[in-house]
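Engineer: Supplied in structure tokens, the structure appears directly below.
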Amino acid sequence: MFRVKAIVTYKREPITLSLCHPSTHDHHSLPNGFLFFPLFLPSKSLNHSLLVPSMDSDKDNPMPDGTESQFGGSFVCHAVNRINSRGYWFGENPLAFAVPLFLIQVFIIFIFTRFSYLILKPFGQPSFVSQILGGVTLGPSILGHYSAFTNNFFPVRGRNVLDTLAFFGFMIFIFLLGVKIDPTIIFRSGKRTFAIGILCFFVPYTLSGLLAVFINHFASLDHDISKGLSTVVEIQCITAFPVISCFLTELHILNSEIGRLAASSSLVCDVCFSLVMMLKFAAKLTSAKSIGVTIGSFFSSVLLVFFIVFVVHPAALYAINHTPEGKPVQEIYITGTLITLIFCGFIGEVIGLDAIVVSFMVGLAIPDGPPLGAALVDKLECFVSVVLLPLLFAIVGMRTDVFAIQKMKNLGIVELIICVAFFGKILGALLPLLFYRMPFRDAISLSLIMNCKGTVELALLMNMKLKNLLDDELFAILVLSLVLVTGIVSPVVKALYDPSRRFLAYKRRTILHHPSEEEFRILACIHKEDNVLAVLNLLAASNPTERNHIDLVVLQLVKLVGRAASVLVSHKPRDKPGEKIFIPFTKFEDAYKGKVTLHCYKGISPYATMHNDVCYLALEKRITFIIIPFHKQWIIGGMAESSFAFKQLNKNVLEKAPCSVGVLIDRGNQKKFWCGYMNESTYLVAVLFFGGADDREALAYAKRMLDQPNVNITLFHFSSSKNDVVGGTDRSKKLDTQILSEFRLSGFRNDRVSYKEEVVTNGRDVLSVIEYMESYYDLVMVGRRHEDSQLMSELKKWKHGELGTVGEILASLNIGAKTSILVVQQQTKFWGSRDPEESTHLRRVNI
């Protein structure tokens with residue numbers, strides 16, 4: 001039986017009639033073999049009739065005389081011009097109209113996908129898995145199995161708008177991913193990346209392809225399954241960069257070592273897949289079509305690529321060059337980009353290229369990152385990822401019918417090919433990784449990541465389903481297999497790979513234990529220009545000399561915006577407006593030539609995992625001391641801003657750093673002490689010593705400043721005649737006494753060093769000493785952690801936070817607009833010891 005949609009007008013109202021092959025009624029034959037029911041309507045009212053195709057194809061009921069090829073599928077009857085409903089109280093069913101039906105569909109999809117995400121998130125499942133399962137819930141496998149639900153909320157007549165909008169949303173999604181990608185990353189990739197990307201495609205493609213040929217030759221299969229095995233092989237061999245990038249972001253390992261390696265390797269794998277598919281398409285086109293069609297298709301595609309490369313890309317560069325630094329991109333450039341995207345997508349569909357492929361090419365032509373790429377992502381990504389993209393997951397889920405899987409033989413054969421491709425991809429990743437001596441646990445994690453599937457594979461499956469390249473059974477098997485593989489891989493990778501594990505140092509990296517004859521390695525983290533001056537003053541006070549050489553690494557931390565892959569690259573400072581942060585450090589190196597060696601890096605990553613860049617660089621460069629800016633920034637007279645993202649960054653660095661850390665609180669002091677070799681300015685430093693490992697670390701840093709001729713140091717030692725100022729072991733207290741004695745001995749007969757014994761009995765006495773400082777000092781240093789005691793318990797009532805009790809009080813009290821504060825934390829752990837004080841031998845500390 002076939003179906004035809006006829007639209008007629010009756011009493012000036014358009015109605016739709018379902019025209020089917022009659023069983024008992026008389027009928028008249030239409031031209032080309034169509035059959036038509038007699039209509040019991042006045043002949044004058046029948047104005048016209050039309051045939052309109054629907055989106056649901058019916059390959060089992062072909063239209064006679066080639067009509068199916070003309071219209072592309074079956075036909076569904078529905079009324080036209082029924083857009084908005086007047087409402088339930090006027091006797092109309094709102095679900096019979098297009099707008100309310102679409103709105104309730106989007107609402108239901110959003111509720112079910114988000115609810116699935118909330119349920120599965122605690123189990124470590126990515127959003128892709130939960131959204132697909134939410135769509136499957138709405139499909140014929142569960143709720144859609146009941147005709148009342150489907151006919152009311154997802155009728156066939158309402159699928160057209162939903163499908164079109166879903167694919168348009170996916171087109172924008174792919175465009176944004178193209179915008180985020182820097183294509184030159186392939187040329188910067190090393191041999192290891194190329195080896196992983198190439199082997200991860202060709203090893204599973206060869207193994208699963210040979211198995212598919214063997215099964216087709218020796219096993220009797222259903223025609224649809226036999227025809228679809230090649231599709232199974234292609235889908236399983238894809239390692240889509242967009243999918244891998246999103247997966248790494250959700251696991252918070254995008255800027256880890258294997259995160260960067262997986263992202264760049266997947267891009268190489270995508271290039272291999274694209275080349276193979278283009279060759280297959282060209283061979284198929286040449287054999288199936290005339291030479292004129294082949295030449296026309298080839299040259300029209302080349303012209304479109306030339307237009308994108310030589311027109312779209314230069315236009316994007318023009319927009320970037322005409323956008324002032326720090327200013328938003330003009331609306332006309334955003335609008336022009338979107339119009340160009342839609343136009344190129346349309347041209348692609350006209351000449352036979354998929355609009356999704358063309359949209360990705362247009363995205364690649366837009367430079368990633370600020371200003372244009374970041375502006376496009378900022379304006380479009382939220383709406384696309386939250387509203388439009390779940391529609392694609394939903395329509396895939398609603399076309400996934402588990403009841404279509406009837407034969408276990410078909411299921412077993414398809415799963416066998418999937419398993420061979422899965423283990424082939426693991427083998428392809430493991431071979432180069434083990435050759436380059438990556439730890440086996442990390443290598444397994446990366447090989448599992450390369451097997452992840454997601455949005456791109458689903459869109460390809462959906463496209464093949466609409467083109468009747470996959471039947472319902474094979475489509476359901478592949479969709480459920482993708483969900484199963486990704487659902488298993490995600491928690492396994494989380495359990496296997498922890499980036500912070502490798503940040504555990506194998507030796508003590510503290511200022512206190514740093515040998516005097518070795519160069520002092522410092523990592524200075526910078527967010528923006530406002531952080532630079534305070535860091536330079538602190539570095540100048542650290543007494544860089546030819547004997548006590550400072551190896552300085554400056555890391556500019558930038559939020560990942562408008563990019564899909566994180567970046568950590570060495571940076572050569574140049575006198576350009578966009579590189580102002582590094583220029584003062586270059587001048588500092590020139591001023592202290594032979595005493596300071598400068599290395600500049602730029603790290604672009606998400607705030608949630610930015611600490612990985614800091615800790616990784618600290619480990620690679622064997623850093624002894626990390627300087628990070630406080631999350632609150634001051635101007636003279638008050639607080640300027642506070643950043644929760646920076647607060648979390650500092651917290652993660654303090655927890656996982658492989659060396660000692662100092663949080664620098666800058667209150668807006670404009671004094672340029674680092675230029676003091678010219679104007680003989682002085683730098684006044686105060687050290688608050690209560691006791692404990694962190695206070696000893698702060699005092700060891702002050703000890704390095706003793707020989708700096710322009711630095712004056714005052715040590716405030718807090719003690720009590722009644723109780724201990726801080727708690728701690730006997731060993732810790734002996735070490736406190738020892739380092740205090742050595743500091744006083746080192747500062748003996750030095751008029752730039754002062755020692756003050758502050759006897760306190762309660763918390764108010766401590767506050768009085770701190771408030772008495774007023775604005776006298778340029779820098780106040782204190783340890784972050786102090787063992788519990790009665791005094792510390794009293795101080796915690798005033799303030800307690802990530803800087804420790806005393807550090808928080810210093811940061812919150814108004815002790816002077818010009819006073820900077822350095823809160824120091826000694827290295828918390830190293831290989832073979834949980835508590836550094838437990839393995840610290842009681843000996844003369846060489847500071």
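Residue numbering restarts at 1 for every chain of the structure tokens, chains are lettered A, B, ... in their displayed order, and ligands are numbered from 1 as they appear.
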Do a neighbour search on region 753-765 of chain A at 7 Å with only C-alpha atoms, toss out local chain neighbours closer than 2 positions, and write the hits as a VMD selection string.

Structural biologist: chain A and resid 712 to 720 747 750 to 751 767 to 769 791 794 to 795

Engineer: Name the residues in contact with Arg622 (chain A) at a cut-off of 12 Å, using only C-alpha atoms, excluding same-chain residues fewer than 5 positions from it; report them as a list in words.

Structural biologist: Phe503, Leu504, Ala505, Tyr506, Lys507, Arg508, Arg509, Thr510, His514, Glu518, Glu519, Phe520, Arg521, Ile522, Leu523, Asp551, Leu552, Val553, Val614, Cys615, Tyr616, Leu617, Ala657, Pro658, Cys659 and Ser660 of chain A

Engineer: Would you work out the distance separating CA of Ser445 (chain A) from CA of Leu199 (chain A), expressed in Å to one decimal?

Structural biologist: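 Value for the CA of Ser445 (chain A)-CA of Leu199 (chain A) distance: 16.4 Å.
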
Engineer: Residues near His223 (chain A), anyone? I mean within 12 Å using only C-alpha atoms, not counting same-chain ones fewer than 2 positions away, as a count of residues only.

Structural biologist: 14

Engineer: For each of A:Lys465, A:Lys797, A:His513, A:Lys453, take the minimum atom-to-atom distance to Gln827 (chain A), counting only C-alpha atoms, then give the residue where this is smallest.

Structural biologist: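 Smallest distance to Gln827 (chain A) is found for A:His513.
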
Engineer: Measuring between only C-alpha atoms, which one of A:Phe97, A:Pro432, A:Ser359, A:Gly373 shows the shortest distance to Gly197 (chain A)?

Structural biologist: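 Looking at the shortest contact to Gly197 (chain A), the residue is A:Pro432.
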
Engineer: Taking into account only C-alpha atoms, which residue in the set A:Gly259, A:Gly336, A:Gly169, A:Gly134 is nearest to Thr609 (chain A)?

Structural biologist: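 Going through A:Gly259, A:Gly336, A:Gly169, A:Gly134 one by one, the smallest distance to Thr609 (chain A) is for A:Gly259.
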
Engineer: Have a look at A:Leu133, A:Gly594, A:Phe194, A:Phe201 and name the one nearest to Leu433 (chain A); count only C-alpha atoms.

Structural biologist: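 When distances to Leu433 (chain A) are compared using only C-alpha atoms, the smallest one comes from A:Phe194.
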
Engineer: Of the residues A:His322, A:Lys671, A:Lys587, A:His252, which is the one nearest to Ser490 (chain A), using only C-alpha atoms?

Structural biologist: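 Between A:His322, A:Lys671, A:Lys587, A:His252, the residue approaching Ser490 (chain A) most closely is A:His252.
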
Engineer: Among the residues of region 81-314 of chain A, find those DSSP assigns to alpha helix (DSSP H) from the backbone and print them as a PyMOL selection string.

Structural biologist: chain A and resi 98-120+127-138+147-153+159-180+185-188+191-218+223-237+241-250+257-288+291-307+313-314

Engineer: Residues at most 8 Å from region 529-531 of chain A, counting only C-alpha atoms, excluding those fewer than 5 positions away in the same chain, as a list in words?

Structural biologist: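 Final neighbour list, sorted by chain and number: Lys580, Ile581, Pro629 and Asp666 of chain A.
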
Engineer: Rank A:Ala534, A:Cys237, A:Leu448, A:Ile550 by their smallest atom-to-atom distance to Pro584 (chain A), using only C-alpha atoms, and report the top residue only.

Structural biologist: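 For Pro584 (chain A), the nearest of the given residues is A:Ala534.
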
Engineer: Quick one: everything within 12 Å of Val492 (chain A), counting only C-alpha atoms, minus sequence neighbours fewer than 6 positions away in the same chain. Send it as a ChimeraX atom specification.

Structural biologist: /A:123-125,251,441-442,444-449,452,485-486,498

Engineer: Residues within 9 Å of region 282-286 of chain A, please, as a ChimeraX atom specification. Count only C-alpha atoms; anything in the same chain fewer than 6 positions from it doesn't count.

Structural biologist: /A:293-294,298
